[in-house]
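Undergrad: Sharing a structure with you now.
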Amino acid sequence: MELTKEKLLGFYETMMTIRAFESKAVALFAENKLPGFVHLYLGEEAVATGVCANLGTKDYITSTHRGHGHLIAKGGKVDLMMAELFGKATGYCKGKGGSMHIADVDLGILGANGIVGAGLPIAVGAAFASKYRKSDAVAVCFFGDAASNRGTFHESLNMASIWNLPVVFVCENNMYGISLCQRDHMNICDISDRASSYGIPGITVDGNDVIAVFEAASEAIKRARRGDGPSLIECKTWRQRGHFEGDPAIYKDPAEQQSWLEKDPLPRLAKRLIELKYATQTELDQIQASAAEQIEAAVKYAESSPLPALTDVLTDVYAG
Amino acid sequence: MKQMTYAEAIRDAMRVEMLRDPNVYLQGEDVGKFGGCFGVTAGLFAEFGPGRIIDTPISETAIIGSAVGAAAAGLRPIAEIMFVDFTGVCMDELFNQAAKMRYMFGGKAKIPMVLRTPCGAGMSAAAQHSQSMEAWFTHIPGVKTVMPSTPADAKGLLSAAIRDDNPVVFIEHKQLFGLSGDVPEGEYVLPLGKADIKRTGSDITIVSWSWMVQKALAAAEILAKEGIQAEVLDPRTLVPLDKEAILQSVGKTNKLVIVQEAVQTSGFGGEISAIVAEHGFDLLDAPIKRVTAPDTPVPFSPVLEQAYLPSVEKIVAAVKSLF
């Protein structure tokens with residue numbers, strides 16, 4: 001797929017929408033407007049954007065506790081997401097799931113997930129369903145560096161490999177599992193090295209470069225679609241905030257934080273767009289303003305939405 | 001009607017449902033050419049092939065986790081876990097994923113999957129291959145739990161479980177696989193949540209499920225010779241539970257003994273006892289009695305295992321203590 005002006009500007013819009021959503025969540029959480037926990041994707045926008053740009057509605061994703069970016073990049077509606085963060089009846093999950101459990105099965109979004117590493121076998125199952133039906137849909141599983149230490153990672157990559165399933169495992173290596181940095185939770189540098197244990201391709205890319213992510217994902221997804229099996233892509237990136245809002249992240253070295261902020265994926269793409277003369281700074285500012293407006297509208301929708309009825313606690317436990 | 005064993009009836013249900021619905025498939029350890037650890041799936045691989053009867057690696061987490069994903073994507077997996085004792089390995093996939101997805105997602109997903117697994121002691125398989133874990137599953141909102149005691153019930157309830165749009169834990173009993181009985185041929189579906197009176201009686205109600213129904217029936221025969229007519233009620237599905245049938249029977253007999261093979265503390269018998277105490281206290285003429293295994297792991301040596309298991313004699317003694 002050629003990286004046209006339209007495509008690159010589309011990346012910028014998606015990344016800016018995620019940035020605006022998450023930045024707003026920071027403010028709303030600080031104002032005590034959001035119950036529970038929020039785990040923000042600030043700094044990692046290029047990963048979801050670059051990967052999901054290769055997917056259609058029929059394709060599946062499984063997401064994580066840090067899932068807002070995946071949902072937006074896969075086409076999730078920001079007003080329904082915001083209403084869910086507020087715990088409103090109009091939210092994606094009618095206020096029953098919250099930030100960590102947003103799903104849109106019709107868009108192939110099989111759920112954010114509160115259990116680290118739980119999405120891996122679910123994505124394998126979705127990929128199995130696709131192969132079973134002889135569809136060319138693929139499943140993409142997003143997970144973090146720390147999730148790659150779980151047994152679900154091992155069982156899922158092995159099963160996907162022996163069954164040659166159309167699934168792409170996208171490891172967002174943001175260098176920390178909550179407070180524990182990667183060098184303290186594994187003895188390898190590149191998580192993509194683990195792919196060779198399962199006889200599948202593994203690659204490491206700069207996760208803050210949306211074009212690099214897009215190109216690696218494009219190859220892996222095409223491979224899955226044509227029936228050549230799973231791959232592992234490690235995207236090295238950085239969580240700019242704490243594990244959740246309220247975590248001051250004292251475990252991070254300020255110099256390291258600063259060096260990663262300088263590699264922020266959004267200014268990098270902006271610079272590229274201007275160099276390529278695909279956009280002027282004014283046009284980019286307009287994209288930013290329009291993303292902010294969209295998120296403000298989502299907040300208005302959420303704030304003006306009704307709370308769930310107390311009787312709703314008892315519904316939706318069983319189907320039928 | 002056709003004579004079938006419990007194992008054959010389970011196989012027949014899977015076969016009939018797979019012929020009826022192309023979205024139904026079976027996966028598990030050694031379920032293919034090997035025919036399953038207890039022979040339950042014998043012949044299905046030859047009939048349906050490797051695309052629908054799928055041997056998995058020894059990866060319980062991925063067996064259940066992938067079934068959840070496939071069900072969310074619209075298939076109807078039957079996932080076999082070789083022994084119920086192994087479900088600890090895939091518990092997150094069952095209780096945090098399958099069971100909760102519908103609710104967490106605001107009713108916008110369904111997870112139509114069956115986790116089939118054998119339970120129970122009696123073959124000196126020791127503490128990690130002999131347990132009765134049903135209370136683990138009944139404590140999870142969003143999951144249904146089915147425990148048939150006869151070949152016909154096994155077929156009708158498994159067919160219902162496969163057609164159900166929710167995760168269903170279908171617990172088979174190793175001691176029942178060889179039990180024969182009349183089973184309807186072709187499509188046969190029983191409702192989930194409907195108890196069955198396996199023996200009518202007027203003097204006492206014995207509620208039991210799975211293998212213990214057979215023990216309760218044997219106890220009832222002995223008791224009848226001593227002038228006590230026991231009613232044996234098999235709930236068949238623990239969730240949903242036919243509470244009305246239990247209260248109705250206790251209303252008739254005014255006495256209740258609950259027999260479960262599982263260890264006593266926090267067992268499902270305690271739940272039935274609480275339901276009757278809360279909703280049927282005035283119906284009772286005597287304290288509720290439980291016959292259960294002791295709160296120990298399942299022992300290996302046959303003499304110890306027999307001492308561990310609820311027996312016909314223990315059931316008879318518990319009943320007689322109320323007269």
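Identifiers in this document derive from the order of the structure tokens: chains are assigned A, B, ..., residues are numbered from 1 separately in each chain, and ligands are numbered from 1 in order of occurrence.
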Compile a residue-level contact table for chain A against chain B at a cut-off of 9 Å, reporting for every qualifying residue the shortest atom pair and its distance in Å to one decimal, with only C-alpha atoms counted, rows ordered by chain and ascending number, as a tab-separated table.
TA:
```
residue	atom	partner	partner_atom	distance
A:Tyr60	CA	B:Ala73	CA	8.5
A:Gly91	CA	B:Gly106	CA	8.7
A:Tyr92	CA	B:Gly106	CA	7.0
A:Cys93	CA	B:Gly106	CA	3.8
A:Lys94	CA	B:Gly106	CA	5.2
A:Gly95	CA	B:Gly106	CA	7.3
A:Lys96	CA	B:Met104	CA	5.3
A:Gly97	CA	B:Met104	CA	4.3
A:Gly98	CA	B:Met104	CA	8.0
A:His101	CA	B:Met104	CA	6.1
A:Ile102	CA	B:Phe105	CA	6.3
A:Ala103	CA	B:Phe105	CA	5.9
A:Asp104	CA	B:Lys108	CA	7.7
A:Val105	CA	B:Ala109	CA	6.7
A:Asp106	CA	B:Lys108	CA	9.0
A:Gly108	CA	B:Ala73	CA	8.2
A:Leu110	CA	B:Ala72	CA	7.2
A:Gly111	CA	B:Phe105	CA	7.8
A:Asn113	CA	B:Gln97	CA	8.5
A:Gly114	CA	B:Asn96	CA	8.8
A:Ile115	CA	B:Asn96	CA	8.1
A:Ala118	CA	B:Glu93	CA	7.4
A:Gly119	CA	B:Gly65	CA	8.3
A:Leu120	CA	B:Gly65	CA	8.0
A:Pro121	CA	B:Gly65	CA	4.7
A:Ile122	CA	B:Gly69	CA	4.0
A:Ala123	CA	B:Gly69	CA	6.0
A:Val124	CA	B:Ser66	CA	5.5
A:Gly125	CA	B:Ser66	CA	3.6
A:Ala126	CA	B:Ala70	CA	4.7
A:Ala127	CA	B:Ala70	CA	7.6
A:Phe128	CA	B:Ala70	CA	6.5
A:Ala129	CA	B:Ala70	CA	5.1
A:Ser130	CA	B:Ala73	CA	8.2
A:Tyr132	CA	B:Gly51	CA	7.5
A:Arg133	CA	B:Asn23	CA	8.6
A:Gly151	CA	B:Thr61	CA	8.0
A:Thr152	CA	B:Thr61	CA	6.5
A:Glu155	CA	B:Ala62	CA	5.6
A:Ser156	CA	B:Ala62	CA	5.8
A:Asn158	CA	B:Pro57	CA	8.6
A:Met159	CA	B:Pro57	CA	7.2
A:Thr315	CA	B:Tyr103	CA	7.8
A:Asp316	CA	B:Gly107	CA	4.7
A:Val317	CA	B:Tyr103	CA	5.2
A:Tyr318	CA	B:Gly142	CA	5.6
A:Ala319	CA	B:Asp165	CA	5.9
A:Gly320	CA	B:Asp165	CA	6.9
```
Undergrad: Next, the residues of the selection above should be written as a short mmCIF file (atom, residue, chain, number, x, y, z; two decimals), in the first residue's frame with C-alpha atoms.
TA:
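Here's the written file again-v7.cif:
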```cif
data_model
loop_
_atom_site.label_atom_id
_atom_site.label_comp_id
_atom_site.auth_asym_id
_atom_site.auth_seq_id
_atom_site.Cartn_x
_atom_site.Cartn_y
_atom_site.Cartn_z
CA TYR A 60 -10.59 -8.50 14.75
CA GLY A 91 -21.70 4.33 26.96
CA TYR A 92 -20.40 1.46 24.85
CA CYS A 93 -21.13 -0.96 27.70
CA LYS A 94 -24.11 0.88 29.25
CA GLY A 95 -21.79 1.84 32.08
CA LYS A 96 -21.14 -1.77 33.05
CA GLY A 97 -17.59 -2.10 31.80
CA GLY A 98 -15.76 1.19 32.05
CA HIS A 101 -13.75 -3.27 29.14
CA ILE A 102 -14.88 -1.33 26.11
CA ALA A 103 -15.76 -3.50 23.13
CA ASP A 104 -17.53 -3.14 19.81
CA VAL A 105 -18.04 -6.61 18.43
CA ASP A 106 -19.61 -5.23 15.24
CA GLY A 108 -14.34 -6.54 15.37
CA LEU A 110 -13.32 -8.05 21.02
CA GLY A 111 -12.65 -5.99 24.08
CA ASN A 113 -9.13 -6.32 28.98
CA GLY A 114 -8.33 -5.89 32.63
CA ILE A 115 -6.16 -9.00 32.79
CA ALA A 118 -5.65 -12.29 28.44
CA GLY A 119 -6.26 -11.02 24.93
CA LEU A 120 -3.71 -13.35 23.32
CA PRO A 121 -5.70 -16.61 23.30
CA ILE A 122 -8.90 -14.71 22.50
CA ALA A 123 -7.23 -13.32 19.37
CA VAL A 124 -6.08 -16.84 18.51
CA GLY A 125 -9.72 -17.96 18.75
CA ALA A 126 -10.92 -15.13 16.53
CA ALA A 127 -8.23 -16.02 13.99
CA PHE A 128 -9.31 -19.66 14.24
CA ALA A 129 -12.91 -18.61 13.51
CA SER A 130 -11.73 -16.72 10.46
CA TYR A 132 -12.66 -22.09 10.00
CA ARG A 133 -15.03 -19.97 7.92
CA GLY A 151 1.83 -18.28 30.00
CA THR A 152 -0.92 -17.03 27.71
CA GLU A 155 0.41 -21.04 24.65
CA SER A 156 -1.09 -18.59 22.17
CA ASN A 158 2.53 -21.88 19.92
CA MET A 159 -1.08 -22.70 19.07
CA THR A 315 -29.50 -7.42 33.22
CA ASP A 316 -27.05 -8.73 30.58
CA VAL A 317 -25.66 -11.51 32.78
CA TYR A 318 -26.95 -14.24 30.46
CA ALA A 319 -27.98 -14.17 26.82
CA GLY A 320 -31.47 -15.36 25.89
#
```
Undergrad: I'd like the contact shell of Leu269 (chain A) - 10 Å cut-off, only C-alpha atoms, skipping same-chain residues fewer than 5 positions apart - returned as an MDAnalysis selection string.
TA: chainID A and resid 8:9 11:12 15 46 208:211 264 274:275
Undergrad: Write the residues of the selection above to a file with N, CA, C and O atoms, as a short mmCIF file (atom, residue, chain, number, x, y, z; two decimals), in the first residue's frame.
TA:
```
data_model
loop_
_atom_site.label_atom_id
_atom_site.label_comp_id
_atom_site.auth_asym_id
_atom_site.auth_seq_id
_atom_site.Cartn_x
_atom_site.Cartn_y
_atom_site.Cartn_z
N LEU A 8 -1.14 9.48 4.98
CA LEU A 8 -0.33 10.04 6.07
C LEU A 8 -1.11 11.07 6.88
O LEU A 8 -1.01 11.13 8.10
N LEU A 9 -1.92 11.86 6.19
CA LEU A 9 -2.74 12.83 6.92
C LEU A 9 -3.79 12.09 7.77
O LEU A 9 -4.13 12.52 8.88
N PHE A 11 -3.29 9.21 9.16
CA PHE A 11 -2.55 8.76 10.36
C PHE A 11 -2.53 9.88 11.39
O PHE A 11 -2.74 9.68 12.58
N TYR A 12 -2.21 11.08 10.88
CA TYR A 12 -2.07 12.21 11.80
C TYR A 12 -3.40 12.51 12.51
O TYR A 12 -3.43 12.75 13.71
N MET A 15 -4.01 9.78 15.13
CA MET A 15 -3.11 9.94 16.28
C MET A 15 -3.51 11.16 17.10
O MET A 15 -3.47 11.15 18.33
N ALA A 46 1.26 5.95 17.79
CA ALA A 46 1.69 5.49 16.46
C ALA A 46 1.47 3.99 16.29
O ALA A 46 1.26 3.51 15.16
N ASN A 208 7.43 4.51 17.76
CA ASN A 208 7.04 5.92 17.73
C ASN A 208 7.11 6.50 16.32
O ASN A 208 6.94 7.69 16.13
N ASP A 209 7.38 5.60 15.36
CA ASP A 209 7.39 6.00 13.96
C ASP A 209 6.23 5.30 13.27
O ASP A 209 6.28 4.12 12.97
N VAL A 210 5.18 6.05 13.04
CA VAL A 210 3.95 5.43 12.54
C VAL A 210 4.17 4.76 11.18
O VAL A 210 3.54 3.73 10.88
N ILE A 211 5.07 5.31 10.41
CA ILE A 211 5.31 4.72 9.08
C ILE A 211 6.00 3.36 9.21
O ILE A 211 5.63 2.39 8.55
N ASP A 264 8.50 11.83 20.74
CA ASP A 264 7.04 11.79 20.68
C ASP A 264 6.58 11.56 19.23
O ASP A 264 7.01 12.27 18.32
N ILE A 274 5.33 18.04 6.93
CA ILE A 274 5.74 19.37 6.44
C ILE A 274 6.90 19.22 5.45
O ILE A 274 6.90 19.84 4.38
N GLU A 275 7.87 18.35 5.78
CA GLU A 275 9.00 18.11 4.86
C GLU A 275 8.52 17.63 3.49
O GLU A 275 9.03 18.03 2.46
#
```
Undergrad: Mind checking which residues fall within 9 Å of region 162-172 of chain A, counting only C-alpha atoms, ignoring those fewer than 2 positions away in the same chain, and posting them as a ChimeraX atom specification?
TA: /A:44,47,51,120,123-124,126-128,130-131,136-145,147-148,157-160,174-175,191-192,198-199,207,217,220-221,223-238
Undergrad: CA of His139 (chain B) and CA of Ser208 (chain B) are how many Å apart?
TA: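 According to the coordinates, CA of His139 (chain B) and CA of Ser208 (chain B) are separated by 18.1 Å.
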Undergrad: May I have all residues of region 93-295 of chain A that DSSP, computed from the backbone, assigns to strand (DSSP E or B), given as a PyMOL selection string?
TA: chain A and resi 104+109+139-144+167-173+176-177+180-181+202-206+231-236
Undergrad: Got a sec: who's within 10 Å of Leu261 (chain A), counting only C-alpha atoms, leaving out chain neighbours fewer than 5 positions off, as a PyMOL selection string?
TA: chain A and resi 43+238-240+255-256+267
Undergrad: For CA of Gly120 (chain B) and CA of Met1 (chain B), determine how far apart the two atoms are, in Å to one decimal place.
TA: 28.1 Å
Undergrad: If we count only C-alpha atoms and set the cut-off at 12 Å, which residues sit around region 215-232 of chain B, ignoring sequence neighbours fewer than 3 positions away in its own chain? Please answer as an mmCIF file with N, CA and C atoms, in the first residue's frame.
TA:
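Below you can see result16.cif, which holds the result:
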```
data_model
loop_
_atom_site.group_PDB
_atom_site.id
_atom_site.type_symbol
_atom_site.label_atom_id
_atom_site.label_comp_id
_atom_site.auth_asym_id
_atom_site.auth_seq_id
_atom_site.Cartn_x
_atom_site.Cartn_y
_atom_site.Cartn_z
ATOM 1 N N SER B 149 -26.825 -37.161 35.267
ATOM 2 C CA SER B 149 -26.624 -38.429 35.985
ATOM 3 C C SER B 149 -27.009 -39.661 35.178
ATOM 4 N N GLN B 175 -17.345 -42.230 36.602
ATOM 5 C CA GLN B 175 -17.982 -43.486 37.018
ATOM 6 C C GLN B 175 -19.254 -43.763 36.228
ATOM 7 N N LEU B 176 -19.750 -42.768 35.498
ATOM 8 C CA LEU B 176 -21.008 -42.950 34.772
ATOM 9 C C LEU B 176 -20.788 -43.300 33.305
ATOM 10 N N ALA B 195 -35.358 -29.574 36.969
ATOM 11 C CA ALA B 195 -34.981 -30.758 37.756
ATOM 12 C C ALA B 195 -35.769 -31.972 37.300
ATOM 13 N N ASP B 196 -35.308 -33.142 37.688
ATOM 14 C CA ASP B 196 -36.032 -34.365 37.365
ATOM 15 C C ASP B 196 -36.139 -35.210 38.630
ATOM 16 N N ILE B 197 -37.356 -35.684 38.893
ATOM 17 C CA ILE B 197 -37.548 -36.587 40.031
ATOM 18 C C ILE B 197 -37.176 -37.986 39.550
ATOM 19 N N LYS B 198 -36.068 -38.521 40.052
ATOM 20 C CA LYS B 198 -35.613 -39.833 39.581
ATOM 21 C C LYS B 198 -36.343 -40.954 40.309
ATOM 22 N N ARG B 199 -36.934 -40.657 41.442
ATOM 23 C CA ARG B 199 -37.722 -41.653 42.177
ATOM 24 C C ARG B 199 -38.702 -40.865 43.025
ATOM 25 N N THR B 200 -39.950 -41.224 42.990
ATOM 26 C CA THR B 200 -40.911 -40.479 43.812
ATOM 27 C C THR B 200 -41.010 -41.135 45.180
ATOM 28 N N GLY B 201 -41.281 -40.318 46.164
ATOM 29 C CA GLY B 201 -41.409 -40.812 47.538
ATOM 30 C C GLY B 201 -42.083 -39.757 48.370
ATOM 31 N N SER B 202 -42.567 -40.149 49.532
ATOM 32 C CA SER B 202 -43.366 -39.229 50.334
ATOM 33 C C SER B 202 -42.732 -38.876 51.674
ATOM 34 N N ASP B 203 -41.650 -39.582 52.047
ATOM 35 C CA ASP B 203 -41.165 -39.434 53.422
ATOM 36 C C ASP B 203 -39.954 -38.511 53.565
ATOM 37 N N ILE B 204 -39.147 -38.429 52.558
ATOM 38 C CA ILE B 204 -37.944 -37.590 52.636
ATOM 39 C C ILE B 204 -37.473 -37.259 51.217
ATOM 40 N N THR B 205 -36.891 -36.084 51.040
ATOM 41 C CA THR B 205 -36.322 -35.692 49.741
ATOM 42 C C THR B 205 -34.805 -35.829 49.815
ATOM 43 N N ILE B 206 -34.267 -36.548 48.863
ATOM 44 C CA ILE B 206 -32.804 -36.586 48.714
ATOM 45 C C ILE B 206 -32.466 -35.813 47.441
ATOM 46 N N VAL B 207 -31.743 -34.702 47.592
ATOM 47 C CA VAL B 207 -31.288 -33.951 46.413
ATOM 48 C C VAL B 207 -29.843 -34.346 46.152
ATOM 49 N N SER B 208 -29.573 -34.786 44.936
ATOM 50 C CA SER B 208 -28.200 -35.140 44.576
ATOM 51 C C SER B 208 -28.052 -35.020 43.072
ATOM 52 N N TRP B 209 -26.805 -35.010 42.607
ATOM 53 C CA TRP B 209 -26.555 -34.827 41.181
ATOM 54 C C TRP B 209 -25.361 -35.680 40.773
ATOM 55 N N SER B 210 -25.250 -35.848 39.454
ATOM 56 C CA SER B 210 -24.157 -36.621 38.874
ATOM 57 C C SER B 210 -24.142 -38.044 39.461
ATOM 58 N N TRP B 211 -22.963 -38.594 39.716
ATOM 59 C CA TRP B 211 -22.862 -39.992 40.159
ATOM 60 C C TRP B 211 -23.671 -40.244 41.440
ATOM 61 N N MET B 212 -23.761 -39.231 42.283
ATOM 62 C CA MET B 212 -24.421 -39.420 43.575
ATOM 63 C C MET B 212 -25.910 -39.713 43.437
ATOM 64 N N PRO B 235 -31.314 -32.142 40.320
ATOM 65 C CA PRO B 235 -31.498 -30.817 39.674
ATOM 66 C C PRO B 235 -30.970 -30.787 38.239
ATOM 67 N N ARG B 236 -30.044 -31.673 37.925
ATOM 68 C CA ARG B 236 -29.448 -31.830 36.592
ATOM 69 C C ARG B 236 -28.609 -30.618 36.174
ATOM 70 N N ALA B 245 -38.771 -26.775 42.140
ATOM 71 C CA ALA B 245 -38.931 -28.236 42.227
ATOM 72 C C ALA B 245 -38.416 -28.747 43.572
ATOM 73 N N ILE B 246 -37.329 -28.166 44.047
ATOM 74 C CA ILE B 246 -36.757 -28.599 45.336
ATOM 75 C C ILE B 246 -37.729 -28.240 46.464
ATOM 76 N N GLN B 248 -40.878 -27.667 46.253
ATOM 77 C CA GLN B 248 -42.113 -28.435 46.108
ATOM 78 C C GLN B 248 -41.950 -29.833 46.709
ATOM 79 N N SER B 249 -40.825 -30.452 46.433
ATOM 80 C CA SER B 249 -40.580 -31.797 46.961
ATOM 81 C C SER B 249 -40.456 -31.764 48.483
ATOM 82 N N VAL B 250 -39.722 -30.778 48.991
ATOM 83 C CA VAL B 250 -39.572 -30.673 50.454
ATOM 84 C C VAL B 250 -40.929 -30.363 51.088
ATOM 85 N N GLY B 251 -41.755 -29.613 50.365
ATOM 86 C CA GLY B 251 -43.103 -29.326 50.855
ATOM 87 C C GLY B 251 -43.931 -30.585 51.011
ATOM 88 N N LYS B 252 -43.604 -31.569 50.197
ATOM 89 C CA LYS B 252 -44.342 -32.841 50.259
ATOM 90 C C LYS B 252 -43.779 -33.755 51.341
ATOM 91 N N THR B 253 -42.428 -33.803 51.455
ATOM 92 C CA THR B 253 -41.806 -34.792 52.352
ATOM 93 C C THR B 253 -41.416 -34.211 53.712
ATOM 94 N N ASN B 254 -41.229 -32.902 53.750
ATOM 95 C CA ASN B 254 -40.861 -32.190 54.990
ATOM 96 C C ASN B 254 -39.488 -32.558 55.557
ATOM 97 N N LYS B 255 -38.703 -33.275 54.796
ATOM 98 C CA LYS B 255 -37.343 -33.609 55.247
ATOM 99 C C LYS B 255 -36.397 -33.541 54.046
ATOM 100 N N LEU B 256 -35.154 -33.144 54.319
ATOM 101 C CA LEU B 256 -34.203 -32.978 53.213
ATOM 102 C C LEU B 256 -32.814 -33.480 53.577
ATOM 103 N N VAL B 257 -32.315 -34.369 52.708
ATOM 104 C CA VAL B 257 -30.911 -34.769 52.763
ATOM 105 C C VAL B 257 -30.289 -34.377 51.422
ATOM 106 N N ILE B 258 -29.119 -33.753 51.477
ATOM 107 C CA ILE B 258 -28.414 -33.361 50.248
ATOM 108 C C ILE B 258 -27.163 -34.219 50.149
ATOM 109 N N VAL B 259 -26.969 -34.829 48.995
ATOM 110 C CA VAL B 259 -25.800 -35.690 48.811
ATOM 111 C C VAL B 259 -24.929 -35.102 47.704
ATOM 112 N N GLN B 260 -23.694 -34.750 48.045
ATOM 113 C CA GLN B 260 -22.747 -34.272 47.029
ATOM 114 C C GLN B 260 -21.433 -35.027 47.192
ATOM 115 N N GLU B 261 -20.799 -35.290 46.062
ATOM 116 C CA GLU B 261 -19.500 -35.966 46.119
ATOM 117 C C GLU B 261 -18.383 -34.998 46.519
ATOM 118 N N VAL B 291 -24.704 -35.088 53.133
ATOM 119 C CA VAL B 291 -23.749 -36.197 53.029
ATOM 120 C C VAL B 291 -22.739 -35.763 51.971
ATOM 121 N N LEU B 309 -15.344 -41.222 49.975
ATOM 122 C CA LEU B 309 -16.540 -40.999 49.151
ATOM 123 C C LEU B 309 -17.829 -41.151 49.944
ATOM 124 N N PRO B 310 -18.827 -40.311 49.650
ATOM 125 C CA PRO B 310 -20.164 -40.595 50.177
ATOM 126 C C PRO B 310 -20.611 -41.955 49.644
ATOM 127 N N SER B 311 -21.194 -42.778 50.510
ATOM 128 C CA SER B 311 -21.580 -44.129 50.097
ATOM 129 C C SER B 311 -23.069 -44.323 50.324
ATOM 130 N N VAL B 312 -23.578 -45.421 49.765
ATOM 131 C CA VAL B 312 -24.990 -45.780 49.981
ATOM 132 C C VAL B 312 -25.258 -45.888 51.490
ATOM 133 N N GLU B 313 -24.339 -46.517 52.180
ATOM 134 C CA GLU B 313 -24.532 -46.708 53.640
ATOM 135 C C GLU B 313 -24.602 -45.362 54.364
ATOM 136 N N LYS B 314 -23.722 -44.447 53.972
ATOM 137 C CA LYS B 314 -23.733 -43.132 54.639
ATOM 138 C C LYS B 314 -25.041 -42.391 54.346
ATOM 139 N N ILE B 315 -25.551 -42.567 53.143
ATOM 140 C CA ILE B 315 -26.817 -41.897 52.792
ATOM 141 C C ILE B 315 -27.960 -42.505 53.605
ATOM 142 N N VAL B 316 -27.971 -43.828 53.671
ATOM 143 C CA VAL B 316 -29.012 -44.524 54.447
ATOM 144 C C VAL B 316 -28.961 -44.060 55.909
ATOM 145 N N ALA B 317 -27.781 -43.997 56.458
ATOM 146 C CA ALA B 317 -27.626 -43.597 57.866
ATOM 147 C C ALA B 317 -28.088 -42.160 58.072
ATOM 148 N N ALA B 318 -27.750 -41.272 57.122
ATOM 149 C CA ALA B 318 -28.156 -39.867 57.264
ATOM 150 C C ALA B 318 -29.674 -39.746 57.238
ATOM 151 N N VAL B 319 -30.298 -40.498 56.327
ATOM 152 C CA VAL B 319 -31.767 -40.453 56.239
ATOM 153 C C VAL B 319 -32.382 -40.975 57.530
ATOM 154 N N LYS B 320 -31.885 -42.118 57.984
ATOM 155 C CA LYS B 320 -32.488 -42.743 59.173
ATOM 156 C C LYS B 320 -32.315 -41.869 60.414
ATOM 157 N N SER B 321 -31.266 -41.070 60.428
ATOM 158 C CA SER B 321 -31.047 -40.212 61.606
ATOM 159 C C SER B 321 -32.144 -39.158 61.751
ATOM 160 N N LEU B 322 -32.907 -38.955 60.683
ATOM 161 C CA LEU B 322 -33.961 -37.933 60.735
ATOM 162 C C LEU B 322 -35.327 -38.530 61.118
ATOM 163 N N PHE B 323 -35.367 -39.846 61.324
ATOM 164 C CA PHE B 323 -36.652 -40.489 61.669
ATOM 165 C C PHE B 323 -36.604 -40.999 63.116
#
```
Undergrad: Identify, with DSSP run on backbone atoms, the residues in region 160-317 of chain A assigned to helix (DSSP H, G or I), and express the list as a PyMOL selection string.
TA: chain A and resi 160-162+182-185+191-198+210-225+254-261+265-275+281-304+310-314
Undergrad: Compile the contact shell of region 11-18 of chain B as a list in words: residues with an atom at most 7 Å away, counting only C-alpha atoms, same-chain residues fewer than 2 positions apart removed.
TA: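 With the cut-off at 7 Å, the set is Ala7, Glu8, Ala9, Arg20, Asp21, Pro22, Val24, Tyr25, Val40, Thr41, Lys155, Leu158, Ser159, Gly186 and Glu187 of chain B.
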Undergrad: Next, write the just-selected residues to a file, as a compact mmCIF listing (two decimals), in the first residue's frame, keeping C-alpha atoms as the atom set.
TA:
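After the write, selection.txt holds the following:
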```txt
# COMPACT_ATOMS: atom_id res chain seq x y z
CA ALA B 7 -20.29 -41.88 27.06
CA GLU B 8 -22.10 -42.88 23.85
CA ALA B 9 -24.93 -40.50 24.64
CA ARG B 20 -27.08 -29.82 12.49
CA ASP B 21 -24.84 -26.75 12.84
CA PRO B 22 -21.58 -26.25 10.91
CA VAL B 24 -20.07 -26.43 16.14
CA TYR B 25 -16.61 -27.96 16.52
CA VAL B 40 -15.96 -40.36 24.63
CA THR B 41 -15.04 -38.83 21.27
CA LYS B 155 -27.54 -36.28 25.63
CA LEU B 158 -25.39 -31.47 26.20
CA SER B 159 -27.46 -30.67 23.12
CA GLY B 186 -31.72 -38.00 16.61
CA GLU B 187 -32.18 -34.48 17.92
```
Undergrad: Find the residues near Ile53 (chain B): any atom within 12 Å, counting only C-alpha atoms, skip ones fewer than 2 places away on the same chain, and give them as JSON, numbers by chain.
TA: {"A": [132], "B": [14, 15, 18, 24, 25, 26, 27, 28, 29, 30, 31, 32, 33, 34, 35, 36, 41, 42, 43, 44, 45, 46, 47, 48, 49, 50, 51, 55, 56, 77, 78, 79, 80]}
Undergrad: For the selection just defined, write its residues with C-alpha atoms to a file, as a compact mmCIF listing (two decimals), in the first residue's frame.
TA:
```txt
# COMPACT_ATOMS: atom_id res chain seq x y z
CA TYR A 132 -12.66 -22.09 10.00
CA MET B 14 -22.01 -33.85 19.81
CA ARG B 15 -22.46 -35.78 16.57
CA MET B 18 -22.35 -31.02 14.61
CA VAL B 24 -20.07 -26.43 16.14
CA TYR B 25 -16.61 -27.96 16.52
CA LEU B 26 -14.73 -29.83 19.23
CA GLN B 27 -11.23 -29.16 20.50
CA GLY B 28 -9.21 -30.62 23.31
CA GLU B 29 -6.30 -32.81 24.26
CA ASP B 30 -6.33 -36.19 22.49
CA VAL B 31 -9.93 -35.86 21.31
CA GLY B 32 -9.03 -36.71 17.70
CA LYS B 33 -7.64 -40.00 16.47
CA PHE B 34 -7.09 -41.16 20.03
CA GLY B 35 -10.80 -40.73 20.73
CA GLY B 36 -10.44 -38.97 24.06
CA THR B 41 -15.04 -38.83 21.27
CA ALA B 42 -14.18 -42.12 19.53
CA GLY B 43 -15.16 -42.11 15.86
CA LEU B 44 -15.86 -38.38 15.62
CA PHE B 45 -12.46 -37.66 14.04
CA ALA B 46 -13.13 -40.23 11.33
CA GLU B 47 -16.56 -38.77 10.65
CA PHE B 48 -15.84 -35.03 10.84
CA GLY B 49 -12.11 -34.80 10.15
CA PRO B 50 -9.33 -32.68 11.60
CA GLY B 51 -11.07 -29.40 10.69
CA ASP B 55 -6.34 -32.10 18.79
CA THR B 56 -4.75 -29.33 20.80
CA PRO B 77 -16.93 -24.37 20.27
CA ILE B 78 -17.04 -27.41 22.48
CA ALA B 79 -13.76 -27.37 24.41
CA GLU B 80 -12.80 -30.46 26.35
```
